[in-house]
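Novice: What follows is a structure written as structure tokens; I'll ask about it next.
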Amino acid sequence: MDQRRFEKPAGFRDYPPPLAEKKRALEEKIRKAFCRWGYQEVLTPTLEYFETVGEASVIEEKRIFKLIDREGKTLALRPDQTAPIARVVSTSLGDAPLPLRLFYQTNVFRAQEERMGRDAEFFQSGVELIGEPTPEGDAEVIALAVEVLQICKIPSFRLVVGHVGLLHDLLQETVGESQMIQKLKQALRERDNVGYRQLVQEAKLSTNHRAFLLSLLSPKEQFSLLEGIQDKFHSSEIEQSVAYLRALWEALQDYGVSNNVTFDPLLTGSLSYYTGVYFEGYANALGFPLLSGGRYDRLMERFGRSAGATGFAIKIDRLMEVCLHIPCKTRRIAILFSQKKRKEAITKAMRLRKQGLAVVLQPIDRRNKLSEVWKSSFTQWIELREEEGDEK
Amino acid sequence: MKNELTIAMPKGRILKEALGLLHNAGIDVPTHIADSRKLTVKLPVEGLSFFLAKPTDVPTYVEYGVADLGIVGKDVLLEEGRDVYELLDLQISPCRISIAALPDWQPVLHPRVATKYPRLTERYFRGLGQQVEVIRLNGSVELAPLIGLADRIVDVVSTGQTLKENGLVELKQITSVTARLIANRGSYRMKRNAIGILEEKLALAVGKRKVLQ
């Protein structure tokens with residue numbers, strides 16, 4: 001038989017019942033947390049015009065699935081949820097007063113070129129806080145991210161915070177030359193510390209500045225680094241960013257989440273979409289980031305409604321990998337009934353279902369025997385059949 | 001243990017020098033790791049555990065986080081393009097990736113380049129705006145021009161001896177290569193201090209080695 005008939009496109013996967021159940025349970029926990037913090041759900045279409053949303057997206061064009069509609073316009077399977085929400089906030093919600101607190105739980109699509117078997121469809125849960133251009137706004141979403149990881153019972157996790165603007169200003173103040181700044185940023189984006197170190201050695205720099213830029217690679221990820229930065233530099237941009245991060249740090253302390261958060265001035269997002277605070281979440285024994293987010297103050301204006309915004313997205317499939325919490329199994333009961341006992345079986349099933357149990361009504365007859373394996377997938381099974389039955 | 005580090009070591013060329021460097025950094029990995037069939041070695045006191053892997057697989061192990069750290073040649077990193085932190089240039093096993101051909105090489109109508117590094121090769125020629133047919137080989141790449149499979153090769157050159165023996169000449173160096181210490185993204189964040197300490201020890205050993213040379 002031709003096996004290919006049953007293949008799925010590369011990167012798309014099925015979730016059989018146990019996994020689907022775990023995914024739902026996690027999403028439900030997260031949804032409740034988002035709701036408790038006053039965030040409201042939005043749904044947007046799976047397909048968007050490429051020129052509207054695709055181009056505003058954080059995702060590279062080559063990773064966006066494109067389709068052509070009947071009029072020849074290019075459509076995109078949503079590669080992320082932030083750009084569509086920005087569109088909604090400036091159109092359908094154009095009159096809604098800011099700040100808006102919105103959340104989503106949805107799938108996003110990204111074409112994988114390089115590796116077979118990597119996901120092309122991701123499930124994400126995330127929030128957008130639009131119209132709150134302050135450190136308070138960033139602190140709120142970071143604290144919410146921490147709460148979500150806590151309620152998902154992630155045993156050990158850490159959020160790492162960087163600031164895209166501060167990094168730029170520090171490089172501007174020390175290196176100055178724009179081509180070199182681009183190269184350094186590129187090295188950091190590629191996580192190439194060796195390249196960064198080499199470039200810092202090559203660049204025309206004072207001894208102090210060189211030592212300073214190299215010192216940023218050391219593992220002292222603390223917000224106390226900020227004091228050192230403030231003492232060394234007197235540009236007003238740097239002062240502003242440092243003050244911003246200090247205010248963020250103080251707010252995080254008030255939220256009681258500062259133990260879970262560290263600061264790394266060299267952390268950068270993958271594209272130029274983030275404008276200020278950027279953060280990633282990691283868990284023990286998980287090689288990939290669990291969540292990422294940050295401030296994107298320029299995106300909204302692309303849709304004609306300027307507003308500072310911040311948010312994050314959790315990758316549900318990654319969360320499922322590290323989340324030890326197994327959803328409590330609902331008791332599943334099977335009532336096997338012969339035709340004559342149908343009414344009795346239905347009454348019994350209805351009563352049990354009202355009590356919150358999962359009840360399967362399964363007709364049986366002599367010809368149609370159910371396997372023991374089938375029966376064993378239920379916590380309990382009840383057989384209702386005619387008394388005079390000649391077999392048990 | 002929270003801060004125990006697992007390190008993927010490459011079999012072959014780099015291993016001996018890497019073990020030497022670790023030794024100079026005060027980390028004595030029993031040398032039998034190189035020739036025994038046992039693939040993992042634990043150093044409980046240092047909180048380190050090593051395993052041997054095929055060099056091209058090292059970045060994969062590290063990207064997926066089954067190893068926190070790895071030691072691997074820059075050539076493999078360039079070819080594999082894995083998403084890992086490149087922490088430290090260990091400056092061991094230096095070599096270069098070069099284009100080589102027979103001495104009388106002339107541009108041809110349908111250029112064919114044989115290599116163990118197809119992605120790196122394609123990227124390089126595309127960067128030059130040249131279209132070449134890249135032929136992936138798993139070994140004996142030097143043979144390709146001799147038997148007429150390709151007009152040029154892209155391969156690692158350390159002393160140039162192999163090229164010479166096959167009557168090939170180096171046309172152009174694409175990049176120079178040394179071994180690197182790499183880290184998983186999650187480990188880099190969750191075990192930053194432990195990694196930092198090891199990185200510092202190795203950096204000192206690399207520095208000392210440089211002075212001696």
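In the structure tokens, the first chain shown is A, the next is B, and so on; residue numbers restart at 1 for each chain, and ligands run from 1 in the order shown.
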Specify as a PyMOL selection string all residues of chain A found within 12 Å of chain B, counting only C-alpha atoms.
Specialist: chain A and resi 114-115+118+155-161+187-198+217-222+260-264+267+270+279-291+318
Novice: Taking only segment 58-121 of chain A into account, list the residues labelled helix (DSSP H, G or I) by DSSP (computed from the backbone), as a short mmCIF file (atom, residue, chain, number, x, y, z; two decimals) with C-alpha atoms, in the first residue's frame.
Specialist:
```cif
data_model
loop_
_atom_site.label_atom_id
_atom_site.label_comp_id
_atom_site.auth_asym_id
_atom_site.auth_seq_id
_atom_site.Cartn_x
_atom_site.Cartn_y
_atom_site.Cartn_z
CA GLU A 61 9.71 36.09 5.39
CA LYS A 62 11.18 32.79 4.25
CA ARG A 63 9.63 31.09 7.25
CA THR A 82 1.32 39.75 18.03
CA ALA A 83 1.03 41.41 14.63
CA PRO A 84 -2.61 40.28 14.12
CA ILE A 85 -3.48 41.62 17.57
CA ALA A 86 -1.84 44.92 16.71
CA ARG A 87 -4.05 45.00 13.62
CA VAL A 88 -7.16 44.28 15.70
CA VAL A 89 -6.30 46.96 18.25
CA SER A 90 -6.09 49.57 15.53
#
```
Novice: Taking only segment 7-172 of chain B into account, list the residues labelled strand (DSSP E) by DSSP (computed from the backbone), as a ChimeraX atom specification.
Specialist: /B:7-10,40-43,48-53,69-73,85-89,95-101,112-115,133-136,152-157,169-172
Novice: What's around Gln172 of chain A at 12 Å? Count only C-alpha atoms, leave out sequence neighbours fewer than 3 positions away in its own chain, and write the answer as a count of residues only.
Specialist: 22
Novice: Using only C-alpha atoms, can you tell me which of B:Ala25, B:Ala101, B:Val72, B:Val134 comes closest to Leu120 of chain B?
Specialist: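 Ranked by minimum distance to Leu120 of chain B, first place goes to B:Val134.
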Novice: Show me, as a VMD selection string, the residues that have an atom within 12 Å of Pro10 of chain B when counting only C-alpha atoms, minus same-chain residues fewer than 2 positions from it.
Specialist: chain B and resid 7 to 8 12 to 19 33 to 34 39 50 to 62 69 to 73 76 93 179 to 181
Novice: Can those selected residues be exported to a file as a compact mmCIF listing (two decimals), in the first residue's frame so that it contains C-alpha atoms?
Specialist:
```txt
# COMPACT_ATOMS: atom_id res chain seq x y z
CA ILE B 7 30.27 17.72 28.02
CA ALA B 8 30.24 16.20 24.54
CA GLY B 12 39.34 11.84 16.53
CA ARG B 13 41.60 14.69 15.58
CA ILE B 14 40.67 17.20 18.29
CA LEU B 15 40.23 14.82 21.22
CA LYS B 16 43.87 14.43 22.27
CA GLU B 17 44.55 18.15 22.26
CA ALA B 18 41.28 18.86 24.01
CA LEU B 19 42.15 16.42 26.78
CA ILE B 33 38.24 7.72 27.26
CA ALA B 34 40.05 7.94 23.93
CA LEU B 39 31.59 6.19 25.92
CA PHE B 50 32.08 13.53 29.52
CA PHE B 51 30.94 11.49 26.58
CA LEU B 52 32.42 10.85 23.17
CA ALA B 53 30.54 11.61 20.00
CA LYS B 54 31.17 11.89 16.30
CA PRO B 55 32.42 15.46 15.78
CA THR B 56 29.58 16.41 13.44
CA ASP B 57 27.06 15.27 16.07
CA VAL B 58 28.53 17.36 18.91
CA PRO B 59 26.58 20.55 18.04
CA THR B 60 23.39 18.49 17.74
CA TYR B 61 23.79 17.00 21.23
CA VAL B 62 24.44 20.46 22.57
CA LEU B 69 28.72 21.88 26.67
CA GLY B 70 30.68 20.53 23.76
CA ILE B 71 34.07 20.83 22.15
CA VAL B 72 34.03 20.93 18.39
CA GLY B 73 35.83 22.39 15.38
CA VAL B 76 31.56 21.65 12.01
CA SER B 93 43.72 21.81 16.28
CA ALA B 179 38.24 24.05 18.16
CA ARG B 180 35.54 25.84 20.16
CA LEU B 181 33.75 25.40 23.44
```
Novice: At a cut-off of 7 Å, using only C-alpha atoms, what residues contact segment 248-252 of chain A? Leave out same-chain residues fewer than 5 positions from it and give the result as a list in words.
Specialist: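 Surrounding residues, per the criterion: Pro135, Glu136, Ala139, Ala143, Val257 and Ser258 of chain A.
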Novice: Of the residues A:Gly356, A:Gly228, A:Gly269, A:Gly293, which is the one nearest to Asp138 of chain A, using only C-alpha atoms?
Specialist: A:Gly293
Novice: Would you work out the distance separating atom CA of Thr91 of chain A from atom CA of Ser306 of chain A, expressed in Å to one decimal?
Specialist: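 Interatomic distance, atom CA of Thr91 of chain A to atom CA of Ser306 of chain A: 12.5 Å.
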Novice: In Å, how far is it from atom CA of Cys152 of chain A to atom CA of Cys323 of chain A?
Specialist: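 Here the two named atoms are 6.4 Å from each other.
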Novice: Quick check, in Å to one decimal: how far apart do atom CA of Ile30 of chain A and atom CA of Tyr15 of chain A lie?
Specialist: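 That distance, rounded to one decimal, is 19.0 Å.
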